[in-house]
Amino acid sequence: LLVLGIESSCDETGVALVECEAATGSPEVPRLLAHALYSQIEMHQAFGGVVPELASRDHIRRVLPLTQEVLTAAACTLQDIDVVAYTRGPGLAGALLVGAGVACALGAALARPVLGVHHLEGHLLSPFLSADPPQFPFVALLVSGGHTQLMRVDGVGRYALLGESIDDAAGEAFDKSAKLMGLAYPGGPLLARMAEAGNPKAYALPRPLLHSGNLDFSFAGLKTAVLVQSQKMLAADGVAHFEALPRSQQCDLAASTQAAIVDVLVKKSMTALKETGLNRLVVAGGVGANRHLRSELNAASAKRNIRVHYPELHLCTDNGAMIALAAGMRLQSGQQQASMAYAFDVKPRWPLDTL
Ligand code: ATP
Ligand code: MG
Ligand code: FE
């Protein structure tokens with residue numbers, strides 16, 4: 001079963017070809033044949049964030065060349081595609097419509113069925129494309145630019161929400177703190193790089209909701225604490241901009257911020273595992289690429305005999321591979337059928353646990 005996956009929910013156009021066994025075939029692991037990605041980040045950087053209309057227009061420009069690129073890389077033709085999958089939501093409506101429209105047009109032209117996929121299900125299942133794929137059931141820590149959730153996952157489409165952020169997502173906390181530090185959008189990975197040269201204990205920042213007694217998160221207050229701390233540092237040094245502070249101070253605040261975010265993510269993940277009695281953790285979403293998060297999760301898990309599974313680094317942030325994979329796994333598990341109706345809608349807001 002050769003699945004073409006198209007991702008266009010935000011500011012990355014991703015296209016990929018994933019080979020999955022048919023429902024009757026052997027339970028072979030899905031294989032990524034090719035994937036191509038175009039990131040619009042540079043275009044949006046001038047505005048400090050994603051401009052939805054520009055994003056939609058750029059997806060239109062990129063999606064067919066990327067499709068051609070993956071077909072060539074996989075030595076396949078359009079005719080080899082069995083199913084076309086696209087991101088149906090959540091995301092920016094206009095951006096989603098581009099992927100949905102192209103997927104349905106391709107499906108109609110090739111007389112192949114089409115399937116709309118949940119973007120977060122894509123993130124959540126992405127570790128199945130890694131060299132060390134997980135097994136169900138597991139606890140999933142979904143940490144992306146727009147979401148921070150702990151889920152109990154019992155199988156494809158069987159997702160129970162255990163807790164989530166009541167305000168900013170973890171990726172947002174990284175990005176907004178990074179912005180305060182004068183880093184370009186999206187600053188998460190840049191802040192993480194600065195943090196490697198800093199002392200995580202230099203500044204005491206809050207660990208919001210750490211002792212809330214539930215599995216919810218809150219990161220909005222942390223961002224304010226970072227702002228207050230940086231203002232204190234500017235006043236003490238008599239400088240006007242964060243970039244004018246000594247490099248070591250900048251790195252120390254980055255490290256302290258990262259430590260605060262990671263600390264909460266790790267502790268709540270461990271609580272979720274304890275409460276569910278499960279011993280497998282799957283980490284997904286862009287923040288899952290964070291090295292400090294990975295090392296702290298690995299350390300905490302080793303003590304408790306827990307296995308942690310991550311997506312390949314290049315599949316942590318948005319990509320078409322996870323969309324093709326999620327479609328393939330939904331079809332294989334009998335959770336859903338692909339449609340030849342080619343009528344599409346998108347769901348800009350779409351809670352994962354309603355699947
Ligand atoms: P969603 O999936 O919730 O709709 P999204 O698609 O924008 O949101 P992703 O593409 O999964 O989110 O991840 C992007 C986020 O991951 C950004 O906030 C980015 O800063 C963050 N991120 C990526 N790499 C790192 C890293 N190494 N350290 C910290 N944050 C990171
Ligand atoms: Mg993105
Ligand atoms: Fe995403």
# chains A, B, ... in the order shown; residues from 1 in each chain; ligands from 1
>>> residues_near_ligand(ligand="ligand 3", cutoff="7 Å", atoms="only C-alpha atoms and all ligand atoms", output="list of chain:residue names")
A:His119, A:Leu120, A:His123, A:Ser144, A:Gly145, A:Gly285, A:Gly286, A:Thr317, A:Asp318
>>> residues_near_ligand(ligand="ligand 1", cutoff="9 Å", atoms="only C-alpha atoms and all ligand atoms", output="number ranges by chain")
A: 9-12, 89-92, 119-120, 122-123, 142-148, 169-176, 178, 185-193, 258, 284-293, 313, 315-319
>>> write_last_selection(atoms="C-alpha atoms", output="compact mmCIF listing (two decimals), in the first residue's frame")
# COMPACT_ATOMS: atom_id res chain seq x y z
CA SER A 9 -1.27 22.80 8.21
CA CYS A 10 1.05 25.67 9.02
CA ASP A 11 4.31 26.98 7.57
CA GLU A 12 5.86 23.80 6.24
CA GLY A 89 -6.71 19.68 10.69
CA PRO A 90 -6.01 21.23 13.07
CA GLY A 91 -4.16 24.17 11.56
CA LEU A 92 -4.63 27.31 9.48
CA HIS A 119 -2.12 16.44 12.21
CA LEU A 120 -1.49 15.48 15.85
CA GLY A 122 0.59 12.18 12.57
CA HIS A 123 2.97 13.58 15.19
CA LEU A 142 2.88 15.53 22.53
CA VAL A 143 4.98 18.68 22.59
CA SER A 144 4.65 20.89 19.54
CA GLY A 145 4.32 24.55 18.64
CA GLY A 146 0.59 24.57 19.29
CA HIS A 147 -0.01 21.70 21.70
CA THR A 148 1.21 20.18 24.95
CA ALA A 169 2.17 25.14 24.45
CA ALA A 170 5.72 24.05 25.32
CA GLY A 171 6.96 25.04 21.84
CA GLU A 172 5.27 28.39 22.28
CA ALA A 173 7.04 28.84 25.63
CA PHE A 174 10.36 28.17 23.88
CA ASP A 175 9.51 30.49 20.98
CA LYS A 176 8.14 33.37 23.06
CA ALA A 178 13.43 33.15 22.58
CA TYR A 185 11.23 33.05 14.86
CA PRO A 186 10.80 30.19 15.68
CA GLY A 187 13.40 30.61 18.39
CA GLY A 188 12.98 27.23 20.15
CA PRO A 189 15.94 25.50 18.51
CA LEU A 190 18.08 28.67 18.79
CA LEU A 191 17.30 29.02 22.49
CA ALA A 192 18.19 25.35 22.93
CA ARG A 193 21.56 25.93 21.28
CA GLN A 258 14.84 25.37 29.02
CA ALA A 284 6.30 13.52 19.57
CA GLY A 285 6.18 17.01 18.11
CA GLY A 286 8.85 19.64 17.47
CA VAL A 287 9.99 20.03 21.08
CA GLY A 288 10.72 16.29 21.02
CA ALA A 289 13.87 17.24 19.11
CA ASN A 290 15.17 19.07 22.18
CA ARG A 291 18.35 17.38 23.44
CA HIS A 292 17.93 18.41 27.07
CA LEU A 293 14.38 17.03 27.09
CA LEU A 313 15.10 13.99 14.62
CA LEU A 315 10.55 13.91 11.68
CA CYS A 316 9.89 15.74 14.98
CA THR A 317 8.62 18.92 13.35
CA ASP A 318 5.98 19.00 10.63
CA ASN A 319 6.45 16.69 7.65
>>> residues_around(residues="segment 17-19 of chain A", least_positions_apart="6", cutoff="12 Å", atoms="only C-alpha atoms", output="short mmCIF file (atom, residue, chain, number, x, y, z; two decimals) with N, CA and C atoms, in the first residue's frame")
data_model
loop_
_atom_site.label_atom_id
_atom_site.label_comp_id
_atom_site.auth_asym_id
_atom_site.auth_seq_id
_atom_site.Cartn_x
_atom_site.Cartn_y
_atom_site.Cartn_z
N LEU A 1 0.86 -1.19 0.00
CA LEU A 1 0.00 0.00 0.00
C LEU A 1 0.89 1.23 0.00
N LEU A 2 0.95 1.90 -1.14
CA LEU A 2 1.81 3.08 -1.25
C LEU A 2 0.98 4.33 -0.99
N VAL A 3 1.34 5.05 0.10
CA VAL A 3 0.57 6.23 0.50
C VAL A 3 1.39 7.49 0.22
N LEU A 4 0.74 8.42 -0.49
CA LEU A 4 1.33 9.75 -0.66
C LEU A 4 0.74 10.63 0.44
N GLY A 5 1.58 11.28 1.22
CA GLY A 5 1.11 12.14 2.30
C GLY A 5 1.43 13.60 2.03
N ILE A 6 0.46 14.46 2.26
CA ILE A 6 0.65 15.90 2.04
C ILE A 6 0.34 16.65 3.33
N GLU A 7 1.32 17.39 3.83
CA GLU A 7 1.14 18.19 5.05
C GLU A 7 1.23 19.67 4.69
N GLU A 28 4.42 -5.99 8.56
CA GLU A 28 5.73 -5.39 8.33
C GLU A 28 5.71 -3.92 8.78
N VAL A 29 6.83 -3.44 9.27
CA VAL A 29 6.84 -2.04 9.69
C VAL A 29 6.76 -1.14 8.46
N PRO A 30 6.05 0.00 8.63
CA PRO A 30 5.95 0.93 7.51
C PRO A 30 7.33 1.48 7.13
N ARG A 31 7.49 1.75 5.85
CA ARG A 31 8.79 2.22 5.36
C ARG A 31 8.65 3.56 4.67
N LEU A 32 9.52 4.47 5.05
CA LEU A 32 9.53 5.78 4.40
C LEU A 32 10.38 5.68 3.13
N LEU A 33 9.73 5.85 1.96
CA LEU A 33 10.48 5.73 0.70
C LEU A 33 11.16 7.05 0.34
N ALA A 34 10.46 8.14 0.57
CA ALA A 34 11.04 9.46 0.26
C ALA A 34 10.23 10.53 0.94
N HIS A 35 10.89 11.60 1.33
CA HIS A 35 10.11 12.74 1.80
C HIS A 35 10.83 14.03 1.44
N ALA A 36 10.02 15.07 1.23
CA ALA A 36 10.57 16.37 0.86
C ALA A 36 9.82 17.43 1.64
N LEU A 66 7.26 19.50 -4.91
CA LEU A 66 7.70 18.56 -3.87
C LEU A 66 7.19 17.15 -4.17
N THR A 67 5.96 17.06 -4.70
CA THR A 67 5.40 15.75 -5.05
C THR A 67 6.25 15.10 -6.14
N GLN A 68 6.61 15.91 -7.13
CA GLN A 68 7.48 15.39 -8.20
C GLN A 68 8.82 14.92 -7.62
N GLU A 69 9.33 15.70 -6.68
CA GLU A 69 10.62 15.38 -6.06
C GLU A 69 10.59 14.03 -5.34
N VAL A 70 9.52 13.76 -4.57
CA VAL A 70 9.50 12.49 -3.85
C VAL A 70 9.28 11.31 -4.80
N LEU A 71 8.48 11.53 -5.83
CA LEU A 71 8.27 10.45 -6.81
C LEU A 71 9.59 10.09 -7.47
N THR A 72 10.34 11.10 -7.87
CA THR A 72 11.64 10.86 -8.49
C THR A 72 12.58 10.16 -7.51
N ALA A 73 12.63 10.65 -6.28
CA ALA A 73 13.55 10.08 -5.28
C ALA A 73 13.22 8.62 -4.99
N ALA A 74 11.93 8.27 -5.03
CA ALA A 74 11.51 6.90 -4.72
C ALA A 74 11.44 6.04 -5.98
N ALA A 75 11.79 6.63 -7.13
CA ALA A 75 11.68 5.94 -8.42
C ALA A 75 10.27 5.39 -8.62
N CYS A 76 9.26 6.20 -8.32
CA CYS A 76 7.87 5.82 -8.51
C CYS A 76 7.22 6.78 -9.50
N THR A 77 6.04 6.38 -10.00
CA THR A 77 5.25 7.30 -10.82
C THR A 77 3.94 7.57 -10.09
N LEU A 78 3.20 8.55 -10.56
CA LEU A 78 1.91 8.87 -9.96
C LEU A 78 1.02 7.63 -9.91
N ASP A 80 1.71 4.65 -9.37
CA ASP A 80 2.05 3.69 -8.30
C ASP A 80 1.36 4.02 -6.98
N ILE A 81 0.88 5.25 -6.84
CA ILE A 81 0.25 5.67 -5.58
C ILE A 81 -1.09 4.96 -5.39
N ASP A 82 -1.28 4.37 -4.20
CA ASP A 82 -2.54 3.69 -3.91
C ASP A 82 -3.55 4.58 -3.20
N VAL A 83 -3.06 5.42 -2.31
CA VAL A 83 -3.93 6.31 -1.51
C VAL A 83 -3.26 7.67 -1.39
N VAL A 84 -4.06 8.72 -1.42
CA VAL A 84 -3.52 10.06 -1.19
C VAL A 84 -4.04 10.56 0.15
N ALA A 85 -3.12 10.91 1.05
CA ALA A 85 -3.49 11.40 2.39
C ALA A 85 -3.11 12.86 2.53
N TYR A 86 -3.93 13.60 3.27
CA TYR A 86 -3.62 15.00 3.51
C TYR A 86 -3.98 15.36 4.94
N SER A 126 4.43 9.24 14.56
CA SER A 126 5.70 9.37 13.82
C SER A 126 6.83 8.47 14.34
N PHE A 128 6.73 5.49 14.84
CA PHE A 128 6.62 4.19 14.17
C PHE A 128 7.50 4.13 12.91
N LEU A 129 7.98 5.29 12.48
CA LEU A 129 8.91 5.29 11.33
C LEU A 129 10.36 5.25 11.79
N ASN A 319 5.95 17.38 8.85
CA ASN A 319 6.45 16.69 7.65
C ASN A 319 5.33 15.87 7.03
N GLY A 320 5.53 15.48 5.77
CA GLY A 320 4.51 14.69 5.08
C GLY A 320 4.56 13.22 5.44
N ALA A 321 5.71 12.76 5.93
CA ALA A 321 5.88 11.33 6.23
C ALA A 321 4.89 10.89 7.31
N MET A 322 4.74 11.72 8.35
CA MET A 322 3.85 11.34 9.45
C MET A 322 2.40 11.30 9.00
N ILE A 323 2.07 12.10 7.99
CA ILE A 323 0.69 12.13 7.48
C ILE A 323 0.42 10.87 6.65
N ALA A 324 1.37 10.52 5.80
CA ALA A 324 1.24 9.28 5.02
C ALA A 324 1.18 8.08 5.97
N LEU A 325 2.03 8.10 6.98
CA LEU A 325 2.08 7.00 7.95
C LEU A 325 0.76 6.85 8.71
N ALA A 326 0.24 7.98 9.22
CA ALA A 326 -1.01 7.92 9.99
C ALA A 326 -2.14 7.38 9.12
N ALA A 327 -2.18 7.81 7.85
CA ALA A 327 -3.21 7.31 6.94
C ALA A 327 -3.05 5.81 6.75
N GLY A 328 -1.83 5.37 6.51
CA GLY A 328 -1.56 3.94 6.30
C GLY A 328 -1.97 3.12 7.52
N MET A 329 -1.62 3.63 8.71
CA MET A 329 -1.93 2.88 9.93
C MET A 329 -3.44 2.87 10.21
N GLN A 332 -4.84 0.29 7.75
CA GLN A 332 -4.46 -1.07 8.13
C GLN A 332 -5.21 -1.55 9.35
#
>>> select_by_dssp(residues="segment 91-132 of chain A", states="helix (DSSP H, G or I)", output="JSON, numbers by chain")
{"A": [93, 94, 95, 96, 97, 98, 99, 100, 101, 102, 103, 104, 105, 106, 107, 108, 109, 110, 119, 120, 121, 122, 123, 124, 125, 126, 127, 128, 129]}
>>> write_last_selection(atoms="N, CA and C atoms", output="PDB file, in the first residue's frame")
ATOM      1  N   ALA A  93      -6.781  27.431   8.347  1.00  0.00           N
ATOM      2  CA  ALA A  93      -7.800  26.979   7.401  1.00  0.00           C
ATOM      3  C   ALA A  93      -7.318  27.071   5.949  1.00  0.00           C
ATOM      4  N   GLY A  94      -6.795  28.231   5.566  1.00  0.00           N
ATOM      5  CA  GLY A  94      -6.367  28.420   4.186  1.00  0.00           C
ATOM      6  C   GLY A  94      -5.240  27.478   3.800  1.00  0.00           C
ATOM      7  N   ALA A  95      -4.310  27.288   4.710  1.00  0.00           N
ATOM      8  CA  ALA A  95      -3.170  26.401   4.452  1.00  0.00           C
ATOM      9  C   ALA A  95      -3.647  24.957   4.313  1.00  0.00           C
ATOM     10  N   LEU A  96      -4.554  24.548   5.200  1.00  0.00           N
ATOM     11  CA  LEU A  96      -5.102  23.192   5.135  1.00  0.00           C
ATOM     12  C   LEU A  96      -5.832  22.962   3.811  1.00  0.00           C
ATOM     13  N   LEU A  97      -6.573  23.981   3.356  1.00  0.00           N
ATOM     14  CA  LEU A  97      -7.357  23.832   2.125  1.00  0.00           C
ATOM     15  C   LEU A  97      -6.471  23.539   0.911  1.00  0.00           C
ATOM     16  N   VAL A  98      -5.249  24.067   0.925  1.00  0.00           N
ATOM     17  CA  VAL A  98      -4.349  23.804  -0.203  1.00  0.00           C
ATOM     18  C   VAL A  98      -4.021  22.311  -0.284  1.00  0.00           C
ATOM     19  N   GLY A  99      -3.607  21.738   0.841  1.00  0.00           N
ATOM     20  CA  GLY A  99      -3.267  20.310   0.853  1.00  0.00           C
ATOM     21  C   GLY A  99      -4.473  19.449   0.531  1.00  0.00           C
ATOM     22  N   ALA A 100      -5.620  19.800   1.110  1.00  0.00           N
ATOM     23  CA  ALA A 100      -6.841  19.023   0.893  1.00  0.00           C
ATOM     24  C   ALA A 100      -7.253  19.091  -0.578  1.00  0.00           C
ATOM     25  N   GLY A 101      -7.200  20.292  -1.145  1.00  0.00           N
ATOM     26  CA  GLY A 101      -7.604  20.466  -2.536  1.00  0.00           C
ATOM     27  C   GLY A 101      -6.693  19.708  -3.492  1.00  0.00           C
ATOM     28  N   VAL A 102      -5.398  19.807  -3.258  1.00  0.00           N
ATOM     29  CA  VAL A 102      -4.446  19.117  -4.126  1.00  0.00           C
ATOM     30  C   VAL A 102      -4.600  17.604  -3.988  1.00  0.00           C
ATOM     31  N   ALA A 103      -4.773  17.124  -2.748  1.00  0.00           N
ATOM     32  CA  ALA A 103      -4.914  15.683  -2.524  1.00  0.00           C
ATOM     33  C   ALA A 103      -6.147  15.147  -3.251  1.00  0.00           C
ATOM     34  N   CYS A 104      -7.261  15.871  -3.139  1.00  0.00           N
ATOM     35  CA  CYS A 104      -8.491  15.398  -3.776  1.00  0.00           C
ATOM     36  C   CYS A 104      -8.394  15.490  -5.297  1.00  0.00           C
ATOM     37  N   ALA A 105      -7.732  16.521  -5.799  1.00  0.00           N
ATOM     38  CA  ALA A 105      -7.551  16.630  -7.246  1.00  0.00           C
ATOM     39  C   ALA A 105      -6.690  15.483  -7.770  1.00  0.00           C
ATOM     40  N   LEU A 106      -5.621  15.175  -7.030  1.00  0.00           N
ATOM     41  CA  LEU A 106      -4.755  14.059  -7.433  1.00  0.00           C
ATOM     42  C   LEU A 106      -5.529  12.744  -7.381  1.00  0.00           C
ATOM     43  N   GLY A 107      -6.283  12.562  -6.298  1.00  0.00           N
ATOM     44  CA  GLY A 107      -7.074  11.343  -6.142  1.00  0.00           C
ATOM     45  C   GLY A 107      -8.051  11.178  -7.290  1.00  0.00           C
ATOM     46  N   ALA A 108      -8.764  12.257  -7.628  1.00  0.00           N
ATOM     47  CA  ALA A 108      -9.760  12.194  -8.696  1.00  0.00           C
ATOM     48  C   ALA A 108      -9.080  11.904 -10.032  1.00  0.00           C
ATOM     49  N   ALA A 109      -7.953  12.552 -10.285  1.00  0.00           N
ATOM     50  CA  ALA A 109      -7.262  12.377 -11.563  1.00  0.00           C
ATOM     51  C   ALA A 109      -6.719  10.954 -11.710  1.00  0.00           C
ATOM     52  N   LEU A 110      -6.298  10.367 -10.571  1.00  0.00           N
ATOM     53  CA  LEU A 110      -5.680   9.039 -10.627  1.00  0.00           C
ATOM     54  C   LEU A 110      -6.686   7.931 -10.318  1.00  0.00           C
ATOM     55  N   HIS A 119      -3.530  16.054  12.129  1.00  0.00           N
ATOM     56  CA  HIS A 119      -2.117  16.438  12.211  1.00  0.00           C
ATOM     57  C   HIS A 119      -1.423  15.890  13.467  1.00  0.00           C
ATOM     58  N   LEU A 120      -2.122  15.940  14.605  1.00  0.00           N
ATOM     59  CA  LEU A 120      -1.488  15.484  15.847  1.00  0.00           C
ATOM     60  C   LEU A 120      -1.389  13.968  15.901  1.00  0.00           C
ATOM     61  N   GLU A 121      -2.309  13.284  15.229  1.00  0.00           N
ATOM     62  CA  GLU A 121      -2.175  11.830  15.126  1.00  0.00           C
ATOM     63  C   GLU A 121      -0.922  11.507  14.321  1.00  0.00           C
ATOM     64  N   GLY A 122      -0.653  12.338  13.328  1.00  0.00           N
ATOM     65  CA  GLY A 122       0.588  12.185  12.566  1.00  0.00           C
ATOM     66  C   GLY A 122       1.798  12.312  13.476  1.00  0.00           C
ATOM     67  N   HIS A 123       1.849  13.402  14.256  1.00  0.00           N
ATOM     68  CA  HIS A 123       2.972  13.576  15.194  1.00  0.00           C
ATOM     69  C   HIS A 123       3.076  12.363  16.122  1.00  0.00           C
ATOM     70  N   LEU A 124       1.918  11.986  16.681  1.00  0.00           N
ATOM     71  CA  LEU A 124       1.883  10.925  17.684  1.00  0.00           C
ATOM     72  C   LEU A 124       2.386   9.574  17.159  1.00  0.00           C
ATOM     73  N   LEU A 125       2.079   9.294  15.894  1.00  0.00           N
ATOM     74  CA  LEU A 125       2.468   7.995  15.338  1.00  0.00           C
ATOM     75  C   LEU A 125       3.852   8.045  14.678  1.00  0.00           C
ATOM     76  N   SER A 126       4.431   9.241  14.562  1.00  0.00           N
ATOM     77  CA  SER A 126       5.700   9.367  13.816  1.00  0.00           C
ATOM     78  C   SER A 126       6.832   8.470  14.340  1.00  0.00           C
ATOM     79  N   PRO A 127       6.893   8.138  15.648  1.00  0.00           N
ATOM     80  CA  PRO A 127       7.959   7.226  16.085  1.00  0.00           C
ATOM     81  C   PRO A 127       7.872   5.828  15.453  1.00  0.00           C
ATOM     82  N   PHE A 128       6.727   5.490  14.844  1.00  0.00           N
ATOM     83  CA  PHE A 128       6.625   4.194  14.168  1.00  0.00           C
ATOM     84  C   PHE A 128       7.496   4.135  12.915  1.00  0.00           C
ATOM     85  N   LEU A 129       7.984   5.287  12.476  1.00  0.00           N
ATOM     86  CA  LEU A 129       8.906   5.288  11.329  1.00  0.00           C
ATOM     87  C   LEU A 129      10.358   5.251  11.795  1.00  0.00           C
TER      88      LEU A 129
END
>>> residues_around(residues="segment 333-341 of chain A", least_positions_apart="6", cutoff="7 Å", atoms="only C-alpha atoms", output="number ranges by chain")
A: 112-115, 156-157
>>> select_by_dssp(residues="segment 80-237 of chain A", states="strand (DSSP E or B)", output="PyMOL selection string")
chain A and resi 83-89+114-118+138-143+148-155+158-165+217
>>> residues_around(residues="Pro137 of chain A", least_positions_apart="6", cutoff="7 Å", atoms="only C-alpha atoms", output="list in words")
Val153, Asp154 and Gly155 of chain A
>>> write_last_selection(atoms="N, CA and C atoms", output="PDB file, in the first residue's frame")
ATOM      1  N   VAL A 153      -2.516   6.061  24.911  1.00  0.00           N
ATOM      2  CA  VAL A 153      -2.750   5.553  23.561  1.00  0.00           C
ATOM      3  C   VAL A 153      -2.839   4.036  23.603  1.00  0.00           C
ATOM      4  N   ASP A 154      -4.022   3.491  23.289  1.00  0.00           N
ATOM      5  CA  ASP A 154      -4.206   2.046  23.345  1.00  0.00           C
ATOM      6  C   ASP A 154      -4.169   1.391  21.976  1.00  0.00           C
ATOM      7  N   GLY A 155      -4.131   2.192  20.940  1.00  0.00           N
ATOM      8  CA  GLY A 155      -4.064   1.667  19.589  1.00  0.00           C
ATOM      9  C   GLY A 155      -4.322   2.815  18.642  1.00  0.00           C
TER      10      GLY A 155
END
>>> atom_distance(atom1="atom CA of Tyr203 of chain A", atom2="atom CA of Val264 of chain A")
16.1 Å
>>> closest_residue(among="A:Ala160, A:Ala140, A:Leu37, A:Met270", to="Val282 of chain A", atoms="only C-alpha atoms")
A:Ala140
>>> closest_residue(among="A:Leu210, A:Val50, A:Gln45, A:Asp345", to="ligand 2", atoms="only C-alpha atoms and all ligand atoms")
A:Val50
>>> decode(residues="segment 160-173 of chain A", atoms="N, CA and C atoms", output="mmCIF file, in the first residue's frame")
data_model
loop_
_atom_site.group_PDB
_atom_site.id
_atom_site.type_symbol
_atom_site.label_atom_id
_atom_site.label_comp_id
_atom_site.auth_asym_id
_atom_site.auth_seq_id
_atom_site.Cartn_x
_atom_site.Cartn_y
_atom_site.Cartn_z
ATOM 1 N N ALA A 160 -6.900 8.742 24.739
ATOM 2 C CA ALA A 160 -7.572 9.373 25.880
ATOM 3 C C ALA A 160 -6.679 10.487 26.417
ATOM 4 N N LEU A 161 -7.237 11.674 26.496
ATOM 5 C CA LEU A 161 -6.475 12.821 26.981
ATOM 6 C C LEU A 161 -6.302 12.717 28.493
ATOM 7 N N LEU A 162 -5.047 12.777 28.942
ATOM 8 C CA LEU A 162 -4.766 12.717 30.388
ATOM 9 C C LEU A 162 -4.578 14.116 30.967
ATOM 10 N N GLY A 163 -4.045 15.010 30.160
ATOM 11 C CA GLY A 163 -3.814 16.376 30.611
ATOM 12 C C GLY A 163 -3.261 17.193 29.473
ATOM 13 N N GLU A 164 -3.392 18.517 29.579
ATOM 14 C CA GLU A 164 -2.875 19.373 28.505
ATOM 15 C C GLU A 164 -2.607 20.765 29.034
ATOM 16 N N SER A 165 -1.991 21.595 28.214
ATOM 17 C CA SER A 165 -1.704 22.953 28.644
ATOM 18 C C SER A 165 -2.985 23.766 28.675
ATOM 19 N N ILE A 166 -3.125 24.540 29.741
ATOM 20 C CA ILE A 166 -4.307 25.385 29.846
ATOM 21 C C ILE A 166 -4.055 26.742 29.188
ATOM 22 N N ASP A 167 -2.816 26.995 28.768
ATOM 23 C CA ASP A 167 -2.541 28.238 28.027
ATOM 24 C C ASP A 167 -1.518 27.958 26.914
ATOM 25 N N ASP A 168 -0.299 28.467 27.037
ATOM 26 C CA ASP A 168 0.686 28.286 25.964
ATOM 27 C C ASP A 168 1.160 26.835 25.861
ATOM 28 N N ALA A 169 1.548 26.445 24.660
ATOM 29 C CA ALA A 169 2.166 25.136 24.451
ATOM 30 C C ALA A 169 3.652 25.229 24.797
ATOM 31 N N ALA A 170 4.295 24.077 24.973
ATOM 32 C CA ALA A 170 5.718 24.048 25.318
ATOM 33 C C ALA A 170 6.557 24.715 24.216
ATOM 34 N N GLY A 171 6.219 24.428 22.956
ATOM 35 C CA GLY A 171 6.958 25.035 21.840
ATOM 36 C C GLY A 171 6.785 26.552 21.835
ATOM 37 N N GLU A 172 5.573 26.964 22.185
ATOM 38 C CA GLU A 172 5.275 28.391 22.279
ATOM 39 C C GLU A 172 6.104 29.037 23.393
ATOM 40 N N ALA A 173 6.245 28.320 24.515
ATOM 41 C CA ALA A 173 7.045 28.838 25.628
ATOM 42 C C ALA A 173 8.491 29.016 25.181
#
